Structures are given as C-alpha cells and as structure tokens.
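Engineer: Contents of model-v4.cif (mmCIF, C-alpha atoms and all ligand atoms) are below:
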```
data_final
#
loop_
_atom_site.label_atom_id
_atom_site.label_comp_id
_atom_site.auth_asym_id
_atom_site.auth_seq_id
_atom_site.Cartn_x
_atom_site.Cartn_y
_atom_site.Cartn_z
CA MET A 1262 -61.14 -139.98 -17.63
CA LEU A 1263 -62.83 -142.67 -19.75
CA TRP A 1264 -64.72 -143.75 -16.66
CA LEU A 1265 -66.07 -140.22 -16.18
CA PHE A 1266 -67.03 -140.04 -19.83
CA ILE A 1267 -68.93 -143.36 -19.64
CA ALA A 1268 -70.65 -142.34 -16.39
CA MET A 1269 -71.80 -139.04 -17.90
CA TYR A 1270 -72.97 -140.73 -21.09
CA GLN A 1271 -75.01 -143.23 -19.05
CA LEU A 1272 -76.38 -140.41 -16.91
CA VAL A 1273 -77.77 -138.68 -20.00
CA SER A 1274 -79.08 -141.96 -21.42
CA PHE A 1275 -80.87 -142.99 -18.19
CA SER A 1276 -82.39 -139.50 -17.83
CA GLU A 1277 -83.82 -139.77 -21.34
CA GLN A 1278 -85.24 -143.23 -20.58
CA LYS A 1279 -86.80 -141.99 -17.35
CA ASP A 1280 -88.46 -139.14 -19.27
CA SER A 1281 -89.75 -141.67 -21.78
CA VAL A 1282 -91.28 -143.77 -18.96
CA ASP A 1283 -92.95 -140.63 -17.61
CA ARG A 1284 -94.48 -139.92 -21.01
CA GLN A 1285 -95.69 -143.53 -21.23
CA ARG A 1286 -97.33 -143.28 -17.80
CA TYR A 1287 -98.96 -140.04 -18.83
CA ASP A 1288 -100.41 -141.76 -21.92
CA VAL A 1289 -101.71 -144.66 -19.82
CA ALA A 1290 -103.53 -142.21 -17.53
CA ALA A 1291 -104.83 -140.27 -20.55
CA LEU A 1292 -106.12 -143.50 -22.11
CA ALA A 1293 -108.20 -144.24 -19.00
CA ARG A 1294 -109.65 -140.70 -19.20
CA ALA A 1295 -110.41 -141.00 -22.94
CA ILE A 1296 -112.37 -144.27 -22.45
CA THR A 1297 -114.26 -142.75 -19.51
CA ASN A 1298 -115.13 -139.71 -21.67
CA ALA A 1299 -116.43 -141.97 -24.44
CA GLU A 1300 -118.46 -143.88 -21.90
CA SER A 1301 -119.90 -140.66 -20.43
CA GLY A 1302 -120.97 -139.59 -23.93
CA GLN A 1303 -122.67 -142.94 -24.47
CA ARG A 1304 -124.47 -142.74 -21.12
CA GLY A 1305 -125.53 -139.17 -21.75
CA TYR A 1306 -127.09 -140.18 -25.05
CA LEU A 1307 -128.81 -143.23 -23.57
CA LEU A 1308 -130.31 -141.13 -20.77
CA THR A 1309 -131.28 -138.00 -22.67
CA GLY A 1310 -131.40 -139.01 -26.30
CA HIS A 1311 -129.37 -135.88 -27.23
CA THR A 1312 -127.08 -136.56 -30.16
CA LEU A 1313 -124.66 -133.99 -28.69
CA PHE A 1314 -123.47 -136.73 -26.34
CA LEU A 1315 -122.65 -138.89 -29.36
CA ASP A 1316 -120.02 -136.27 -30.30
CA THR A 1317 -118.45 -136.60 -26.85
CA MET A 1318 -118.44 -140.35 -27.28
CA GLU A 1319 -116.79 -140.11 -30.70
CA GLN A 1320 -114.19 -137.70 -29.39
CA GLY A 1321 -113.44 -140.18 -26.58
CA ARG A 1322 -113.19 -142.99 -29.15
CA ALA A 1323 -110.81 -140.98 -31.37
CA ASP A 1324 -108.59 -140.06 -28.36
CA THR A 1325 -108.61 -143.69 -27.27
CA HIS A 1326 -107.43 -144.87 -30.70
CA THR A 1327 -104.70 -142.22 -30.85
CA LEU A 1328 -103.38 -143.09 -27.39
CA VAL A 1329 -103.52 -146.86 -28.05
CA ALA A 1330 -101.58 -146.33 -31.30
CA ARG A 1331 -98.99 -144.22 -29.48
CA LEU A 1332 -98.57 -146.73 -26.67
CA ASP A 1333 -98.32 -149.48 -29.25
CA SER A 1334 -95.59 -147.70 -31.21
CA GLN A 1335 -93.57 -147.04 -28.06
CA ALA A 1336 -94.12 -150.51 -26.65
CA SER A 1337 -90.99 -151.74 -28.43
CA ASP A 1338 -89.04 -149.74 -25.80
CA PHE A 1339 -91.21 -151.15 -23.01
CA GLU A 1340 -91.61 -154.84 -23.75
CA LEU A 1341 -92.66 -155.50 -20.17
CA ILE A 1342 -96.08 -153.82 -20.67
CA ARG A 1343 -96.81 -155.50 -23.98
CA PRO A 1344 -98.98 -158.32 -22.51
CA GLU A 1345 -101.21 -155.83 -20.64
CA LEU A 1346 -101.38 -153.56 -23.65
CA GLY A 1347 -102.54 -156.48 -25.83
CA LYS A 1348 -105.30 -157.26 -23.36
CA VAL A 1349 -106.30 -153.61 -23.07
CA LYS A 1350 -106.65 -153.36 -26.85
CA GLN A 1351 -108.98 -156.35 -26.92
CA LEU A 1352 -111.01 -155.06 -23.98
CA ILE A 1353 -111.33 -151.62 -25.54
CA HIS A 1354 -112.52 -153.21 -28.75
CA ARG A 1355 -115.20 -155.13 -26.83
CA LYS A 1356 -116.10 -152.11 -24.74
CA PHE A 1357 -116.74 -149.92 -27.79
CA ASP A 1358 -118.62 -152.82 -29.40
CA VAL A 1359 -120.98 -152.99 -26.42
CA MET A 1360 -121.37 -149.22 -26.37
CA ASP A 1361 -122.14 -149.09 -30.13
CA ARG A 1362 -124.69 -151.86 -29.84
CA SER A 1363 -126.54 -150.19 -26.98
CA ILE A 1364 -126.64 -146.96 -28.98
CA GLN A 1365 -128.08 -148.76 -32.03
CA VAL A 1366 -130.77 -150.47 -29.87
CA GLN A 1367 -131.65 -147.09 -28.32
CA MET A 1368 -131.90 -145.52 -31.76
CA ARG A 1369 -134.15 -148.30 -33.02
CA ALA A 1370 -136.33 -148.48 -29.85
CA GLY A 1371 -136.65 -144.69 -29.79
CA SER A 1372 -136.74 -144.67 -25.97
CA TYR A 1373 -135.04 -146.14 -22.98
CA ALA A 1374 -134.95 -149.92 -23.47
CA SER A 1375 -135.08 -152.36 -20.59
CA HIS A 1376 -132.23 -154.51 -21.90
CA LEU A 1377 -129.90 -151.52 -21.50
CA THR A 1378 -129.40 -152.44 -17.86
CA VAL A 1379 -127.70 -155.66 -19.04
CA SER A 1380 -125.49 -153.70 -21.45
CA LYS A 1381 -124.67 -151.22 -18.68
CA ASP A 1382 -123.45 -154.01 -16.38
CA LYS A 1383 -121.37 -155.52 -19.15
CA SER A 1384 -119.90 -152.13 -19.96
CA ARG A 1385 -119.02 -151.53 -16.30
CA GLU A 1386 -117.38 -154.91 -16.04
CA LEU A 1387 -115.30 -154.23 -19.17
CA MET A 1388 -114.30 -150.82 -17.82
CA LYS A 1389 -113.15 -152.44 -14.58
CA LEU A 1390 -111.06 -154.98 -16.53
CA ILE A 1391 -109.54 -152.19 -18.63
CA ASN A 1392 -108.71 -150.16 -15.54
CA ASP A 1393 -107.13 -153.21 -13.88
CA GLN A 1394 -104.86 -153.74 -16.91
CA LEU A 1395 -104.00 -150.05 -17.08
CA ALA A 1396 -103.19 -150.06 -13.35
CA GLN A 1397 -100.87 -153.04 -13.88
CA MET A 1398 -99.16 -151.24 -16.76
CA ASP A 1399 -98.71 -148.15 -14.62
CA SER A 1400 -97.34 -150.20 -11.74
CA LYS A 1401 -94.76 -151.85 -14.01
CA LEU A 1402 -93.80 -148.47 -15.47
CA GLN A 1403 -93.49 -147.00 -12.00
CA HIS A 1404 -91.06 -149.77 -11.01
CA LEU A 1405 -89.09 -149.16 -14.17
CA ARG A 1406 -89.01 -145.43 -13.36
CA SER A 1407 -87.61 -146.03 -9.88
CA ASP A 1408 -84.96 -148.34 -11.38
CA TYR A 1409 -83.90 -145.55 -13.72
CA ALA A 1410 -83.97 -143.00 -10.89
CA GLN A 1411 -81.67 -145.30 -8.89
CA GLU A 1412 -79.29 -145.65 -11.87
CA ILE A 1413 -79.28 -141.87 -12.33
CA ARG A 1414 -78.39 -141.33 -8.66
CA GLN A 1415 -75.56 -143.84 -9.02
CA ARG A 1416 -74.22 -142.15 -12.16
CA VAL A 1417 -74.40 -138.70 -10.55
CA ILE A 1418 -72.26 -139.96 -7.66
CA GLU A 1419 -69.81 -141.57 -10.12
CA SER A 1420 -69.69 -138.39 -12.22
CA VAL A 1421 -69.00 -136.22 -9.17
CA ILE A 1422 -66.24 -138.57 -7.98
CA GLY A 1423 -64.84 -138.69 -11.54
CA ALA A 1424 -64.93 -134.89 -11.83
CA VAL A 1425 -63.17 -134.45 -8.47
CA LEU A 1426 -60.49 -136.97 -9.48
CA LEU A 1427 -60.09 -135.21 -12.83
CA CYS A 1428 -59.70 -131.84 -11.07
CA ILE A 1429 -57.07 -133.35 -8.76
CA LEU A 1430 -55.29 -134.76 -11.81
CA ILE A 1431 -55.40 -131.41 -13.64
CA ILE A 1432 -54.16 -129.54 -10.54
CA GLY A 1433 -51.39 -132.13 -10.18
CA VAL A 1434 -50.34 -131.73 -13.80
CA LEU A 1435 -50.45 -127.92 -13.49
CA LEU A 1436 -48.39 -127.97 -10.29
CA PHE A 1437 -45.91 -130.34 -11.89
CA SER A 1438 -45.53 -128.21 -15.01
CA TYR A 1439 -45.41 -125.04 -12.83
CA ARG A 1440 -42.54 -126.55 -10.84
CA ASN A 1441 -40.74 -127.59 -14.01
CA THR A 1442 -41.29 -124.14 -15.51
CA THR A 1443 -40.02 -122.43 -12.36
CA ASP A 1444 -36.97 -124.69 -12.31
CA LEU A 1445 -36.35 -123.95 -15.97
CA LEU A 1446 -36.83 -120.23 -15.36
CA GLY A 1447 -34.43 -120.42 -12.42
CA GLN A 1448 -31.84 -122.15 -14.59
CA MET A 1449 -32.35 -119.57 -17.35
CA LEU A 1450 -31.93 -116.70 -14.87
CA GLU A 1451 -28.84 -118.37 -13.44
CA THR A 1452 -27.39 -118.81 -16.93
CA GLN A 1453 -28.28 -115.20 -17.74
CA ALA A 1454 -26.60 -114.00 -14.53
CA VAL A 1455 -23.46 -116.05 -15.32
CA THR A 1456 -23.46 -114.71 -18.89
CA GLU A 1457 -23.87 -111.15 -17.62
CA GLN A 1458 -21.09 -111.68 -15.10
CA LEU A 1459 -18.79 -113.08 -17.78
CA SER A 1460 -19.54 -110.26 -20.20
CA HIS A 1461 -19.00 -107.78 -17.34
CA GLN A 1462 -15.62 -109.40 -16.63
CA VAL A 1463 -14.65 -109.10 -20.28
CA ASP A 1464 -15.24 -105.34 -20.22
CA HIS A 1465 -14.29 -104.48 -16.64
CA ASP A 1466 -11.28 -104.45 -14.40
CA LEU A 1467 -11.59 -107.14 -11.74
CA LEU A 1468 -9.86 -105.12 -9.04
CA THR A 1469 -11.55 -101.72 -9.20
CA GLY A 1470 -14.73 -102.68 -11.10
CA LEU A 1471 -14.04 -99.85 -13.55
CA PRO A 1472 -14.29 -100.38 -17.32
CA ASN A 1473 -10.99 -101.79 -18.68
CA ARG A 1474 -8.73 -100.92 -21.63
CA ARG A 1475 -10.99 -102.82 -24.02
CA SER A 1476 -13.96 -100.68 -22.97
CA VAL A 1477 -11.91 -97.51 -23.39
CA ASP A 1478 -11.32 -98.30 -27.06
CA GLU A 1479 -14.99 -99.12 -27.60
CA HIS A 1480 -16.24 -96.06 -25.72
CA LEU A 1481 -13.80 -93.74 -27.45
CA GLU A 1482 -14.90 -95.04 -30.84
CA ASN A 1483 -18.55 -94.20 -30.01
CA VAL A 1484 -17.72 -90.76 -28.61
CA PHE A 1485 -15.52 -90.05 -31.61
CA GLN A 1486 -18.27 -90.98 -34.13
CA ARG A 1487 -20.82 -88.80 -32.30
CA ALA A 1488 -18.39 -85.87 -32.03
CA ARG A 1489 -17.66 -86.08 -35.77
CA HIS A 1490 -21.37 -85.94 -36.56
CA VAL A 1491 -22.29 -83.02 -34.32
CA SER A 1492 -18.90 -81.29 -34.56
CA LYS A 1493 -18.47 -81.07 -30.82
CA PRO A 1494 -15.20 -81.47 -28.93
CA PHE A 1495 -14.33 -84.12 -26.38
CA ALA A 1496 -11.23 -84.68 -24.26
CA ILE A 1497 -9.10 -87.56 -23.05
CA PHE A 1498 -7.32 -87.40 -19.64
CA PHE A 1499 -4.46 -89.88 -19.34
CA MET A 1500 -3.69 -90.25 -15.61
CA ASP A 1501 -0.77 -92.05 -14.00
CA LEU A 1502 -0.32 -92.22 -10.23
CA ASP A 1503 2.88 -90.79 -8.77
CA GLY A 1504 4.77 -92.79 -6.17
CA PHE A 1505 2.60 -95.86 -6.45
CA LYS A 1506 5.53 -98.27 -6.79
CA HIS A 1507 6.82 -97.03 -3.45
CA VAL A 1508 3.52 -98.05 -1.78
CA ASN A 1509 3.82 -101.51 -3.25
CA ASP A 1510 7.42 -101.81 -2.17
CA GLU A 1511 6.84 -100.39 1.31
CA TYR A 1512 3.48 -101.95 2.28
CA GLY A 1513 3.03 -104.84 -0.13
CA HIS A 1514 0.83 -105.51 -3.15
CA GLU A 1515 -2.27 -106.03 -1.05
CA ILE A 1516 -2.14 -102.46 0.22
CA GLY A 1517 -1.29 -101.36 -3.34
CA ASP A 1518 -4.46 -103.07 -4.55
CA ALA A 1519 -6.55 -101.46 -1.80
CA LEU A 1520 -5.07 -98.10 -2.73
CA LEU A 1521 -6.02 -98.57 -6.39
CA ILE A 1522 -9.62 -99.35 -5.33
CA GLU A 1523 -9.70 -96.27 -3.09
CA VAL A 1524 -8.25 -94.03 -5.83
CA ALA A 1525 -10.86 -95.29 -8.31
CA SER A 1526 -13.70 -94.33 -5.98
CA MET A 1527 -12.05 -90.94 -5.18
CA PHE A 1528 -11.91 -90.16 -8.92
CA GLN A 1529 -15.54 -91.16 -9.39
CA ARG A 1530 -16.66 -88.79 -6.63
CA VAL A 1531 -15.46 -85.70 -8.53
CA LEU A 1532 -16.70 -86.74 -11.98
CA ARG A 1533 -20.01 -86.00 -13.70
CA GLN A 1534 -22.34 -88.72 -14.96
CA THR A 1535 -21.39 -88.03 -18.57
CA ASP A 1536 -17.69 -88.59 -17.84
CA PHE A 1537 -16.23 -92.03 -18.51
CA LEU A 1538 -13.50 -93.37 -16.20
CA ALA A 1539 -11.56 -96.56 -16.90
CA ARG A 1540 -8.48 -98.35 -15.59
CA GLN A 1541 -6.01 -98.59 -18.43
CA GLY A 1542 -3.72 -100.97 -16.51
CA GLY A 1543 -1.23 -100.82 -13.60
CA ASP A 1544 -1.58 -97.41 -11.97
CA GLU A 1545 -2.89 -95.76 -15.16
CA PHE A 1546 -6.45 -94.44 -15.61
CA VAL A 1547 -8.18 -92.92 -18.63
CA LEU A 1548 -10.93 -90.35 -18.33
CA VAL A 1549 -13.08 -89.39 -21.33
CA VAL A 1550 -14.86 -86.06 -20.95
CA GLY A 1551 -17.70 -86.44 -23.45
CA SER A 1552 -19.15 -82.96 -23.33
CA TYR A 1553 -17.81 -79.56 -22.31
CA LEU A 1554 -18.12 -76.01 -23.57
CA HIS A 1555 -14.84 -74.32 -22.59
CA ARG A 1556 -11.33 -75.54 -22.04
CA MET A 1557 -11.54 -73.94 -18.59
CA GLU A 1558 -13.87 -76.76 -17.57
CA LEU A 1559 -11.09 -79.25 -18.36
CA VAL A 1560 -8.56 -77.20 -16.40
CA GLN A 1561 -10.89 -77.08 -13.38
CA LEU A 1562 -11.52 -80.79 -13.58
CA ALA A 1563 -7.77 -81.56 -13.75
CA GLN A 1564 -7.19 -79.31 -10.74
CA ARG A 1565 -9.95 -81.06 -8.79
CA LEU A 1566 -8.38 -84.44 -9.55
CA ILE A 1567 -4.92 -83.31 -8.47
CA GLN A 1568 -6.39 -81.70 -5.35
CA LEU A 1569 -7.70 -85.12 -4.29
CA PHE A 1570 -4.11 -86.02 -3.37
CA ALA A 1571 -3.32 -82.83 -1.49
CA ARG A 1572 -3.70 -84.91 1.64
CA PRO A 1573 -2.52 -88.50 2.17
CA VAL A 1574 -4.92 -91.21 1.07
CA ILE A 1575 -6.08 -93.33 4.01
CA VAL A 1576 -6.03 -97.06 3.33
CA ARG A 1577 -6.61 -99.44 6.25
CA THR A 1578 -5.55 -96.74 8.75
CA MET A 1579 -2.37 -96.07 6.77
CA ALA A 1580 -1.74 -92.59 5.36
CA LEU A 1581 -0.27 -92.98 1.89
CA ASN A 1582 1.31 -90.13 0.02
CA ILE A 1583 0.79 -90.34 -3.70
CA GLY A 1584 -0.15 -87.98 -6.53
CA VAL A 1585 -1.41 -88.02 -10.07
CA SER A 1586 0.12 -86.79 -13.32
CA ILE A 1587 -2.41 -85.92 -16.01
CA GLY A 1588 -2.02 -85.51 -19.75
CA ILE A 1589 -4.92 -83.97 -21.70
CA ALA A 1590 -5.70 -84.23 -25.42
CA GLU A 1591 -8.72 -82.57 -27.08
CA TYR A 1592 -10.61 -83.53 -30.20
CA PRO A 1593 -10.20 -82.15 -32.80
CA ARG A 1594 -7.42 -79.81 -31.67
CA HIS A 1595 -4.85 -82.53 -30.78
CA GLY A 1596 -5.84 -85.23 -33.21
CA LYS A 1597 -8.54 -86.37 -35.59
CA GLN A 1598 -8.27 -90.09 -34.83
CA VAL A 1599 -8.83 -91.98 -31.59
CA LYS A 1600 -5.37 -93.60 -31.54
CA GLN A 1601 -3.76 -90.28 -32.26
CA LEU A 1602 -5.62 -88.64 -29.38
CA LEU A 1603 -4.76 -91.40 -26.91
CA HIS A 1604 -1.11 -91.12 -27.86
CA ALA A 1605 -1.24 -87.34 -27.50
CA ALA A 1606 -2.76 -87.61 -24.00
CA ASP A 1607 -0.14 -90.19 -23.03
CA GLN A 1608 2.64 -87.88 -24.23
CA ALA A 1609 1.15 -84.95 -22.34
CA MET A 1610 1.11 -87.11 -19.18
CA TYR A 1611 4.85 -87.73 -19.56
CA VAL A 1612 5.36 -83.99 -19.83
CA SER A 1613 3.56 -83.62 -16.47
CA LYS A 1614 5.83 -86.28 -14.97
CA LYS A 1615 8.84 -84.46 -16.31
CA ASN A 1616 7.58 -81.16 -14.96
CA GLY A 1617 7.70 -82.48 -11.41
CA LYS A 1618 4.63 -84.77 -11.25
CA ASN A 1619 1.27 -84.15 -9.59
CA SER A 1620 0.31 -81.72 -12.34
CA TYR A 1621 -1.55 -81.59 -15.66
CA SER A 1622 -0.47 -80.71 -19.22
CA PHE A 1623 -2.27 -80.25 -22.52
CA ASP A 1624 -0.69 -81.94 -25.48
CA GLY A 1625 2.00 -79.84 -27.08
CA GLU A 1626 1.68 -76.99 -24.58
N1 LIG A 1701 -0.60 -103.59 -6.17
C1 LIG A 1701 -0.62 -103.56 -7.49
N2 LIG A 1701 0.44 -103.10 -8.18
C2 LIG A 1701 0.42 -103.06 -9.51
C3 LIG A 1701 -0.69 -103.50 -10.25
N3 LIG A 1701 -0.45 -103.35 -11.58
C4 LIG A 1701 0.76 -102.81 -11.67
N4 LIG A 1701 1.30 -102.62 -10.42
C5 LIG A 1701 2.57 -102.06 -10.04
O1 LIG A 1701 2.47 -100.67 -10.15
C6 LIG A 1701 3.76 -100.13 -10.35
C7 LIG A 1701 3.68 -99.07 -11.36
O2 LIG A 1701 4.95 -98.59 -11.70
P1 LIG A 1701 5.28 -97.09 -11.82
O3 LIG A 1701 4.18 -96.37 -12.56
O4 LIG A 1701 6.65 -96.94 -12.38
O5 LIG A 1701 5.32 -96.62 -10.33
P2 LIG A 1701 5.37 -95.14 -9.76
O6 LIG A 1701 5.94 -95.24 -8.46
O7 LIG A 1701 3.99 -94.58 -9.84
O8 LIG A 1701 6.31 -94.38 -10.76
P3 LIG A 1701 5.97 -93.04 -11.52
O9 LIG A 1701 4.89 -93.30 -12.43
O10 LIG A 1701 7.24 -92.69 -12.23
O11 LIG A 1701 5.63 -92.05 -10.47
C8 LIG A 1701 4.66 -101.31 -10.70
O12 LIG A 1701 5.50 -101.61 -9.62
C9 LIG A 1701 3.69 -102.45 -10.94
O13 LIG A 1701 4.21 -103.68 -10.55
C10 LIG A 1701 -1.78 -104.01 -9.51
O14 LIG A 1701 -2.80 -104.44 -10.05
N5 LIG A 1701 -1.71 -104.01 -8.16
#
```
Could I get this file's structure written as structure tokens?
Structural biologist:
Amino acid sequence: MLWLFIAMYQLVSFSEQKDSVDRQRYDVAALARAITNAESGQRGYLLTGHTLFLDTMEQGRADTHTLVARLDSQASDFELIRPELGKVKQLIHRKFDVMDRSIQVQMRAGSYASHLTVSKDKSRELMKLINDQLAQMDSKLQHLRSDYAQEIRQRVIESVIGAVLLCILIIGVLLFSYRNTTDLLGQMLETQAVTEQLSHQVDHDLLTGLPNRRSVDEHLENVFQRARHVSKPFAIFFMDLDGFKHVNDEYGHEIGDALLIEVASMFQRVLRQTDFLARQGGDEFVLVVGSYLHRMELVQLAQRLIQLFARPVIVRTMALNIGVSIGIAEYPRHGKQVKQLLHAADQAMYVSKKNGKNSYSFDGE
C-alpha cells in the first residue's frame, strides 16, 4: 500500500519535472529565434537604412533578455546547463555589443561602410558560438527528458502492479469478511430455528403437533377479551375419546399414539380456519369456536365431529372402533369467565359420557 503510494507520488513528481524540462527546451529554442530576429533587424537597417528595422532589432533584444532571465531563474533546477548558460550570456552580450557598434558607425557614416564586412564576420562567428552553446544545452536537456520519461515508465509499471495487488488484497478481505458474515448469518439462522423450535415445543403437543393445554389458556384469554369488547359469543367444545383405553390395552401404546395423531388430523379436516383445536392431554381435545351466528352451527359441527367415528378409524391397516363425547359451553350463556366456561364444557362432556357416549351435550341441558 505504502509502496503504491510512493510510486504514484514519484510518478506525479517525475511528470512535473519532465514538463519543466520541456518548457526549458522551448525557451532555449525561443532564445535562438529572438537573437536571430535581433540580428535580422540589425542587418535590415545596415542594408536599407530604414529605422523600422531598428524596432525589430530592439524587440529581438528585449525578447532575448526576457528569455535569458527566465532560463537563469530556472537554472537552479537544471544545474547541468549552468556552464553553457553562463557562456551564452557572455556571447550574447558581445553579440549585441558588436551589433550596436556597427549601427552607430552606420549612423555616423550615413551610408554603407566598408568596415561593416569585418563586423558582419564577427557577428556571424558569435552567432555560431551562441548556437553551439544552445545546442549543447538542448542536448543535455533532451537527455534529462529521456531519463525522466524512463522513470515515468518505471513508475507506471510499479503503480499498475501495486494497484493490481491492492485490488487482490481488497477482494481477499471482502471474500474473507463475506465468508465470516455468511457463517455468522448461518449461526444466527440456526439459533433462530432452534429458538423457534423450542418455543413451538413449549406451546405445542409433541405427539400430534396441535397446540397444548398452555396454548388453550392463552388462546381462550384472547378470544374472551375480544368477545367482551364486541359482545359476540364464542363456544368451547370439550372432547374426550370413547374406548381409547381399550385400543391401548389391545394393540399397545404405539398404536394408541398413532390413533391420536390420526384423530387430530380427522378433526382438523372438518374445522374452519377460525376454529382453534388443541390437545388438552391424554385422549382429551379442546375446540374453541371463535365466531358463529346461531347455535345450530355448533350443533352441526358437533354432529360432524361425531360422524367422523361412524366408521372404524384405520391405523396401520387396523380398524379401530372408537367414538367421541363432546361437552359444549357458550359465552356468555354458560359462564362469564374462561375458567368457568372450561369447567362447564368439561361437565357437559361428562353428561355425554353418562348418556351413552359418542354424543354431544350443552352445559346444563
Ligand atoms: N397411547 C397413548 N395413551 C395415552 C396417552 N395419554 C394418555 N393415554 C392413555 O389414554 C387412556 C385414557 O383413559 P380413558 O379416557 O379412561 O380411556 P377411555 O377408554 O377413552 O375411557 P372413557 O373416556 O371412559 O371412554 C389412559 O389409559 C391413558 O394411559 C398418550 O399420549 N398415548
């Protein structure tokens, strides 16, 4: 990570230095042009005598001074060209000296003077020396530029490798944390499933899967509160199987268990979704009819339940003859409290037993 950071920092730094070298080379080339312009102005004046050319010469001189000053100020960054720059400054000074003198002679002579040929040769020689120094400067700068370009290439490669490694690292970390998260999620789901199973076991009968006695109390309390609020009746069916002990005694507890499971599903098949069926214990079941309009509905339901046992119940190819005795208590007719109603339904069930079993009775009737 630190390596990538350093490589990128150096990449930016070398790019800036390369740009700086390019600017320096541009100035060197511009300096050569500025001196040539000044010289052209001088020649133009010497040949034609037009002072207009003196302006060109002065412009060239001014540009030359500006560029020399700029190269000088930047030379601290480019120590390697300082010797050539020093020589160029001296040569330029001499060059402009020669040019100025030839102009003054021309002005005084008033026409083309013969000695100007000497001055022209000197000027040419100086220009050649200047150009040689400028060429050397440019060559050094060009070398420096290719060194920087090489460094930049190197840093680009390092940055790309660093970035790829960083990506691999990030992906690795993400995959690792994803795996940990999934494991954690799996454990949480497992814990949740175990918790749900445990809470289901607390409220349900293990054999039949029906709600147990504990749930009956809870459910009845809710139904009772709602019924009190909206002043609507509800009914409790207390159901006890007839002849169940005989099945146990004759075929064993295992068949008795299977019969209880079968009876639970037979009951569920004739009930509505709003009815609540629970196993109270042993061969006793409680049914809460949460909503009905007429007592006749309760009678019909009780008859349907009894009718279920009109034929033997088939359990593992065995035909078992049993029945069901039902006691019914209605709210608010048979009691205004849950306990009272449960007791009333239980009592009514005993009346059915007494009346010959496999029948239903309403409390007190
Ligand atoms: N197989 C099995 N038997 C159970 C279970 N719980 C209670 N019993 C038995 O169920 C029987 C219930 O007794 P009773 O209600 O007197 O039997 P019954 O033959 O239906 O008698 P009546 O109600 O008078 O008709 C007892 O023998 C209990 O041991 C159970 O979970 N599985």
Engineer: Enumerate, in order of chain and increasing residue number, the residues of region 1484-1522 of chain A with an atom no farther than 12 Å from region 1464-1475 of chain A, each with its shortest atom pair and distance in Å to one decimal, counting only C-alpha atoms, as a tab-separated table.
Structural biologist:
```
residue	atom	partner	partner_atom	distance
A:Glu1515	CA	A:Leu1468	CA	11.1
A:Gly1517	CA	A:Leu1468	CA	11.0
A:Asp1518	CA	A:Leu1468	CA	7.3
A:Ala1519	CA	A:Leu1468	CA	8.8
A:Leu1520	CA	A:Thr1469	CA	9.8
A:Leu1521	CA	A:Thr1469	CA	7.0
A:Ile1522	CA	A:Thr1469	CA	4.9
```
Engineer: Using all atoms listed in the file, what are the residues with an atom within 9 Å of ligand LIG 1701 (chain A), set out as number ranges by chain?
Structural biologist: A: 1468, 1501-1510, 1513-1521, 1542-1545, 1583-1586, 1614, 1618
Engineer: So that I can see what lies close to region 1268-1284 of chain A, please list as a list in words the residues with an atom at most 9 Å from it, counting all atoms listed in the file and leaving out residues fewer than 2 positions away in the same chain.
Structural biologist: Leu1263, Trp1264, Leu1265, Phe1266, Arg1286, Tyr1287, Asp1288, Val1289, Phe1339, Leu1402, Gln1403, Leu1405, Arg1406, Ser1407, Asp1408, Tyr1409, Ala1410, Glu1412, Ile1413, Arg1414, Gln1415, Arg1416, Val1417, Glu1419, Ser1420 and Gly1423 of chain A
Engineer: Fewer than 4 positions away in the same chain doesn't count, so skip those; otherwise give me all residues within 7 Å of region 1590-1599 of chain A, counting all atoms listed in the file, as a VMD selection string.
Structural biologist: chain A and resid 1481 to 1482 1485 1494 to 1498 1603 1605 to 1606 1623 to 1624
Engineer: Distance CA of Leu1315 (chain A)-CA of Gly1302 (chain A), one decimal place?
Structural biologist: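 Taking CA of Leu1315 (chain A) as the start and CA of Gly1302 (chain A) as the end point, the length is 5.7 Å.
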Engineer: Any idea what the distance is between CA of Ala1563 (chain A) and CA of Gln1462 (chain A)?
Structural biologist: 29.1 Å
Engineer: Can you work out the spacing between CA of Leu1538 (chain A) and CA of His1490 (chain A) in Å, to one decimal?
Structural biologist: 23.1 Å
Engineer: Counting only C-alpha atoms, which of A:Arg1565, A:His1480, A:Arg1355, A:Arg1362 gets nearest to Met1527 (chain A)?
Structural biologist: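 Under the stated criterion, the closest residue is A:Arg1565.
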Engineer: May I ask which of the residues A:Ile1391, A:Val1463, A:Asp1333, A:Val1524 is the closest one to Pro1573 (chain A), counting only C-alpha atoms?
Structural biologist: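 Going through A:Ile1391, A:Val1463, A:Asp1333, A:Val1524 one by one, the smallest distance to Pro1573 (chain A) is for A:Val1524.
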Engineer: Between A:Leu1430, A:Leu1532, A:Leu1352, A:Leu1548, which residue has the minimum interatomic distance to Asp1478 (chain A), considering all atoms listed in the file?
Structural biologist: A:Leu1548
Engineer: Tell me which of A:Thr1578, A:Gln1564, A:Asn1483, A:Gln1601 sits closest to Phe1537 (chain A), counting all atoms listed in the file.
Structural biologist: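 Closest to Phe1537 (chain A) of all the choices is A:Asn1483.
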Engineer: Any idea what's packed within 7 Å of Leu1328 (chain A), counting only C-alpha atoms, ignoring anything in its chain fewer than 4 positions away? Could you give it as a list in words?
Structural biologist: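 Final neighbour list, sorted by chain and number: Asp1288, Leu1292, Asp1324 and Leu1332 of chain A.
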